[in-house]
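> Questions regarding the structure given below will be posed in turn.
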Amino acid sequence: MKKILLLLFLIPNLVTSEEEFVPVTEYTANNPNWQSNIYEILYVAYRCGYAYSSAHHKLVEHIGDDGVKVDLYIKGLRIAMTAVEHVENTYGDISLYDFNSITFTAEAIDEFYYEQAKMNYKGNSQFDGIIGNDLKACEGYDAFFENLVIMDV
């Protein structure tokens with residue numbers, strides 16, 4: 001948790017809020033080497049992490065705490081933590097990197113998915129639109145983020 005908070009303070013201006021968010025599958029297709037680039041790993045991790053987290057929060061809002069599994073929230077947190085740990089294990093102290101050139105902010109991604117979750121919740125714990133597509137895409141990236149930890153050991 002400490003590392004996520006550190007990241008949020010270190011990366012306050014990773015992008016302008018006017019950025020157009022393309023679906024995660026389109027982003028990764030357009031950046032085929034994303035899995036070997038520190039900034040792109042963090043970007044995809046943030047996208048997936050916040051998509052999971054926003055979906056979780058919307059479901060809690062709609063169904064209540066008792067009816068929602070924590071799986072989505074835990075997945076989002078695990079992806080973010082794994083990416084941060086990998087960056088630090090592979091590249092060193094994350095606070096030494098200049099994130100000012102990155103084209104996104106953690107806040108912009110969070111706001112984007114928060115709005116997408118509100119607009120695209122279709123009931124029965126299902127989402128349409130970009131958040132629905134990104135949740136499905138991120139499931140496919142779960143193994144990549146889990147393997148980061150194994151690679152680092």
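Labels used: A, B, ... for chains in the order of the structure tokens, numbers from 1 for residues in each chain, and numbers from 1 for ligands as shown.
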Using only C-alpha atoms, determine which residues lie at most 8 Å from Ile131 of chain A, disregarding the query and same-chain residues fewer than 4 positions distant; provide the list as a ChimeraX atom specification.

/A:51,113,116-117,120,127,135

> Given only C-alpha atoms as the basis, pick out the residue of A:Val44, A:Ile79, A:Ile38, A:Leu148 nearest to Tyr91 of chain A.

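Of A:Val44, A:Ile79, A:Ile38, A:Leu148, the one nearest Tyr91 of chain A, counting only C-alpha atoms, is A:Ile38.
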
> To one decimal in Å, tell me the separation between atom CA of His62 of chain A and atom CA of Gly123 of chain A.

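Atom-to-atom, atom CA of His62 of chain A to atom CA of Gly123 of chain A, that is 8.5 Å.
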
> Residues at most 12 Å from Asn124 of chain A, counting only C-alpha atoms, excluding those fewer than 2 positions away in the same chain, as a PDB file with all heavy atoms, in the first residue's frame?


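Writing the result to selection-v6.pdb gives the following:
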```
ATOM      1  N   LYS A  58     -18.646   0.626  -8.287  1.00  0.00           N
ATOM      2  CA  LYS A  58     -19.991   0.747  -8.852  1.00  0.00           C
ATOM      3  C   LYS A  58     -20.875  -0.392  -8.366  1.00  0.00           C
ATOM      4  O   LYS A  58     -22.041  -0.188  -8.032  1.00  0.00           O
ATOM      5  CB  LYS A  58     -19.928   0.762 -10.389  1.00  0.00           C
ATOM      6  CG  LYS A  58     -21.287   0.898 -11.049  1.00  0.00           C
ATOM      7  CD  LYS A  58     -21.975   2.176 -10.630  1.00  0.00           C
ATOM      8  CE  LYS A  58     -23.356   2.278 -11.232  1.00  0.00           C
ATOM      9  NZ  LYS A  58     -24.097   3.430 -10.720  1.00  0.00           N
ATOM     10  N   LEU A  59     -20.341  -1.587  -8.323  1.00  0.00           N
ATOM     11  CA  LEU A  59     -21.122  -2.727  -7.853  1.00  0.00           C
ATOM     12  C   LEU A  59     -21.482  -2.576  -6.375  1.00  0.00           C
ATOM     13  O   LEU A  59     -22.601  -2.894  -5.980  1.00  0.00           O
ATOM     14  CB  LEU A  59     -20.360  -4.031  -8.094  1.00  0.00           C
ATOM     15  CG  LEU A  59     -20.188  -4.417  -9.562  1.00  0.00           C
ATOM     16  CD1 LEU A  59     -19.319  -5.660  -9.684  1.00  0.00           C
ATOM     17  CD2 LEU A  59     -21.542  -4.628 -10.232  1.00  0.00           C
ATOM     18  N   HIS A  62     -24.310  -0.195  -6.221  1.00  0.00           N
ATOM     19  CA  HIS A  62     -25.555  -0.736  -6.751  1.00  0.00           C
ATOM     20  C   HIS A  62     -26.092  -1.912  -5.933  1.00  0.00           C
ATOM     21  O   HIS A  62     -27.278  -2.009  -5.677  1.00  0.00           O
ATOM     22  CB  HIS A  62     -25.355  -1.173  -8.211  1.00  0.00           C
ATOM     23  CG  HIS A  62     -26.625  -1.500  -8.903  1.00  0.00           C
ATOM     24  ND1 HIS A  62     -27.097  -2.776  -8.975  1.00  0.00           N
ATOM     25  CD2 HIS A  62     -27.536  -0.719  -9.530  1.00  0.00           C
ATOM     26  CE1 HIS A  62     -28.246  -2.781  -9.637  1.00  0.00           C
ATOM     27  NE2 HIS A  62     -28.523  -1.545  -9.978  1.00  0.00           N
ATOM     28  N   ILE A  63     -25.209  -2.805  -5.511  1.00  0.00           N
ATOM     29  CA  ILE A  63     -25.630  -4.029  -4.841  1.00  0.00           C
ATOM     30  C   ILE A  63     -25.434  -3.951  -3.330  1.00  0.00           C
ATOM     31  O   ILE A  63     -26.172  -4.557  -2.565  1.00  0.00           O
ATOM     32  CB  ILE A  63     -24.838  -5.253  -5.402  1.00  0.00           C
ATOM     33  CG1 ILE A  63     -25.095  -5.395  -6.892  1.00  0.00           C
ATOM     34  CG2 ILE A  63     -25.192  -6.526  -4.673  1.00  0.00           C
ATOM     35  CD1 ILE A  63     -24.190  -6.407  -7.580  1.00  0.00           C
ATOM     36  N   GLY A  67     -23.232  -7.936  -1.153  1.00  0.00           N
ATOM     37  CA  GLY A  67     -23.458  -8.659  -2.394  1.00  0.00           C
ATOM     38  C   GLY A  67     -22.299  -8.651  -3.366  1.00  0.00           C
ATOM     39  O   GLY A  67     -22.348  -9.307  -4.400  1.00  0.00           O
ATOM     40  N   VAL A  68     -21.238  -7.924  -3.054  1.00  0.00           N
ATOM     41  CA  VAL A  68     -20.119  -7.776  -3.988  1.00  0.00           C
ATOM     42  C   VAL A  68     -18.888  -8.497  -3.452  1.00  0.00           C
ATOM     43  O   VAL A  68     -18.476  -8.290  -2.316  1.00  0.00           O
ATOM     44  CB  VAL A  68     -19.777  -6.288  -4.211  1.00  0.00           C
ATOM     45  CG1 VAL A  68     -18.568  -6.131  -5.114  1.00  0.00           C
ATOM     46  CG2 VAL A  68     -20.969  -5.562  -4.790  1.00  0.00           C
ATOM     47  N   TYR A 121     -22.764   0.670 -16.625  1.00  0.00           N
ATOM     48  CA  TYR A 121     -23.232  -0.451 -15.827  1.00  0.00           C
ATOM     49  C   TYR A 121     -24.598  -0.860 -16.367  1.00  0.00           C
ATOM     50  O   TYR A 121     -25.516  -0.058 -16.456  1.00  0.00           O
ATOM     51  CB  TYR A 121     -23.335  -0.070 -14.351  1.00  0.00           C
ATOM     52  CG  TYR A 121     -23.807  -1.224 -13.500  1.00  0.00           C
ATOM     53  CD1 TYR A 121     -23.018  -2.360 -13.359  1.00  0.00           C
ATOM     54  CD2 TYR A 121     -25.036  -1.196 -12.859  1.00  0.00           C
ATOM     55  CE1 TYR A 121     -23.431  -3.438 -12.600  1.00  0.00           C
ATOM     56  CE2 TYR A 121     -25.465  -2.262 -12.101  1.00  0.00           C
ATOM     57  CZ  TYR A 121     -24.660  -3.382 -11.976  1.00  0.00           C
ATOM     58  OH  TYR A 121     -25.089  -4.458 -11.229  1.00  0.00           O
ATOM     59  N   LYS A 122     -24.729  -2.102 -16.764  1.00  0.00           N
ATOM     60  CA  LYS A 122     -25.995  -2.550 -17.360  1.00  0.00           C
ATOM     61  C   LYS A 122     -26.779  -3.472 -16.440  1.00  0.00           C
ATOM     62  O   LYS A 122     -27.770  -4.048 -16.850  1.00  0.00           O
ATOM     63  CB  LYS A 122     -25.743  -3.199 -18.718  1.00  0.00           C
ATOM     64  CG  LYS A 122     -24.955  -4.481 -18.702  1.00  0.00           C
ATOM     65  CD  LYS A 122     -24.806  -5.016 -20.120  1.00  0.00           C
ATOM     66  CE  LYS A 122     -24.257  -6.430 -20.106  1.00  0.00           C
ATOM     67  NZ  LYS A 122     -24.189  -6.999 -21.434  1.00  0.00           N
ATOM     68  N   GLN A 126     -22.688  -6.557 -14.732  1.00  0.00           N
ATOM     69  CA  GLN A 126     -22.119  -6.506 -16.076  1.00  0.00           C
ATOM     70  C   GLN A 126     -21.924  -5.059 -16.519  1.00  0.00           C
ATOM     71  O   GLN A 126     -22.718  -4.189 -16.186  1.00  0.00           O
ATOM     72  CB  GLN A 126     -23.045  -7.205 -17.082  1.00  0.00           C
ATOM     73  CG  GLN A 126     -23.296  -8.669 -16.769  1.00  0.00           C
ATOM     74  CD  GLN A 126     -22.049  -9.496 -16.943  1.00  0.00           C
ATOM     75  OE1 GLN A 126     -21.364  -9.385 -17.946  1.00  0.00           O
ATOM     76  NE2 GLN A 126     -21.740 -10.330 -15.948  1.00  0.00           N
ATOM     77  N   PHE A 127     -20.862  -4.852 -17.317  1.00  0.00           N
ATOM     78  CA  PHE A 127     -20.557  -3.530 -17.850  1.00  0.00           C
ATOM     79  C   PHE A 127     -20.436  -3.606 -19.361  1.00  0.00           C
ATOM     80  O   PHE A 127     -19.902  -4.572 -19.901  1.00  0.00           O
ATOM     81  CB  PHE A 127     -19.237  -3.005 -17.267  1.00  0.00           C
ATOM     82  CG  PHE A 127     -19.301  -2.724 -15.804  1.00  0.00           C
ATOM     83  CD1 PHE A 127     -19.037  -3.723 -14.870  1.00  0.00           C
ATOM     84  CD2 PHE A 127     -19.634  -1.460 -15.350  1.00  0.00           C
ATOM     85  CE1 PHE A 127     -19.107  -3.468 -13.515  1.00  0.00           C
ATOM     86  CE2 PHE A 127     -19.696  -1.190 -13.988  1.00  0.00           C
ATOM     87  CZ  PHE A 127     -19.437  -2.200 -13.072  1.00  0.00           C
ATOM     88  N   ASP A 128     -20.924  -2.569 -20.033  1.00  0.00           N
ATOM     89  CA  ASP A 128     -20.755  -2.401 -21.475  1.00  0.00           C
ATOM     90  C   ASP A 128     -19.687  -1.345 -21.709  1.00  0.00           C
ATOM     91  O   ASP A 128     -19.053  -0.871 -20.774  1.00  0.00           O
ATOM     92  CB  ASP A 128     -22.067  -1.899 -22.112  1.00  0.00           C
ATOM     93  CG  ASP A 128     -23.034  -3.014 -22.426  1.00  0.00           C
ATOM     94  OD1 ASP A 128     -22.602  -4.163 -22.586  1.00  0.00           O
ATOM     95  OD2 ASP A 128     -24.243  -2.711 -22.514  1.00  0.00           O
TER      96      ASP A 128
END
```

> Just give me the gap between atom CA of Ile150 of chain A and atom CA of Lys136 of chain A in Å, one decimal is fine.

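Straight-line distance from atom CA of Ile150 of chain A to atom CA of Lys136 of chain A works out to 23.2 Å.
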
> Pick out each residue of segment 30-146 of chain A that DSSP on the backbone tags as strand (DSSP E or B); I need them as a list in words.

Tyr121, Lys122, Gly123, Gln126 and Phe127 of chain A

> Just the selected residues (N, CA and C atoms), exported as an mmCIF file, in the first residue's frame, please.


```cif
data_model
loop_
_atom_site.group_PDB
_atom_site.id
_atom_site.type_symbol
_atom_site.label_atom_id
_atom_site.label_comp_id
_atom_site.auth_asym_id
_atom_site.auth_seq_id
_atom_site.Cartn_x
_atom_site.Cartn_y
_atom_site.Cartn_z
ATOM 1 N N TYR A 121 -22.764 0.670 -16.625
ATOM 2 C CA TYR A 121 -23.232 -0.451 -15.827
ATOM 3 C C TYR A 121 -24.598 -0.860 -16.367
ATOM 4 N N LYS A 122 -24.729 -2.102 -16.764
ATOM 5 C CA LYS A 122 -25.995 -2.550 -17.360
ATOM 6 C C LYS A 122 -26.779 -3.472 -16.440
ATOM 7 N N GLY A 123 -26.358 -3.595 -15.209
ATOM 8 C CA GLY A 123 -27.054 -4.452 -14.252
ATOM 9 C C GLY A 123 -26.467 -5.846 -14.239
ATOM 10 N N GLN A 126 -22.688 -6.557 -14.732
ATOM 11 C CA GLN A 126 -22.119 -6.506 -16.076
ATOM 12 C C GLN A 126 -21.924 -5.059 -16.519
ATOM 13 N N PHE A 127 -20.862 -4.852 -17.317
ATOM 14 C CA PHE A 127 -20.557 -3.530 -17.850
ATOM 15 C C PHE A 127 -20.436 -3.606 -19.361
#
```

> For Phe112 of chain A, which residue among A:Ala143, A:Leu96, A:Ala55, A:Val87 is the nearest when counting only C-alpha atoms?

A:Ala55

> So which one's closest to Gly64 of chain A, A:Gln35, A:Ser125, A:Asn30, A:Thr25? Using only C-alpha atoms, please.

A:Ser125

> What parts of segment 32-149 of chain A does DSSP call helix (DSSP H, G or I)? I'd like the answer as JSON, numbers by chain.

{"A": [34, 35, 36, 38, 39, 40, 41, 42, 43, 44, 45, 46, 47, 48, 49, 50, 51, 52, 53, 54, 55, 56, 57, 58, 59, 60, 61, 62, 63, 65, 66, 67, 71, 72, 73, 74, 75, 76, 77, 78, 79, 80, 81, 82, 83, 84, 85, 86, 87, 88, 89, 90, 91, 94, 95, 96, 106, 107, 108, 109, 110, 111, 112, 113, 114, 115, 116, 117, 118, 119, 120, 129, 130, 131, 132, 133, 134, 135, 136, 137, 138, 139, 140, 141, 142, 143, 144, 145, 146, 147, 148, 149]}

> Work out how far atom CA of Phe21 of chain A is from atom CA of Phe144 of chain A, in Å to one decimal.

21.6 Å
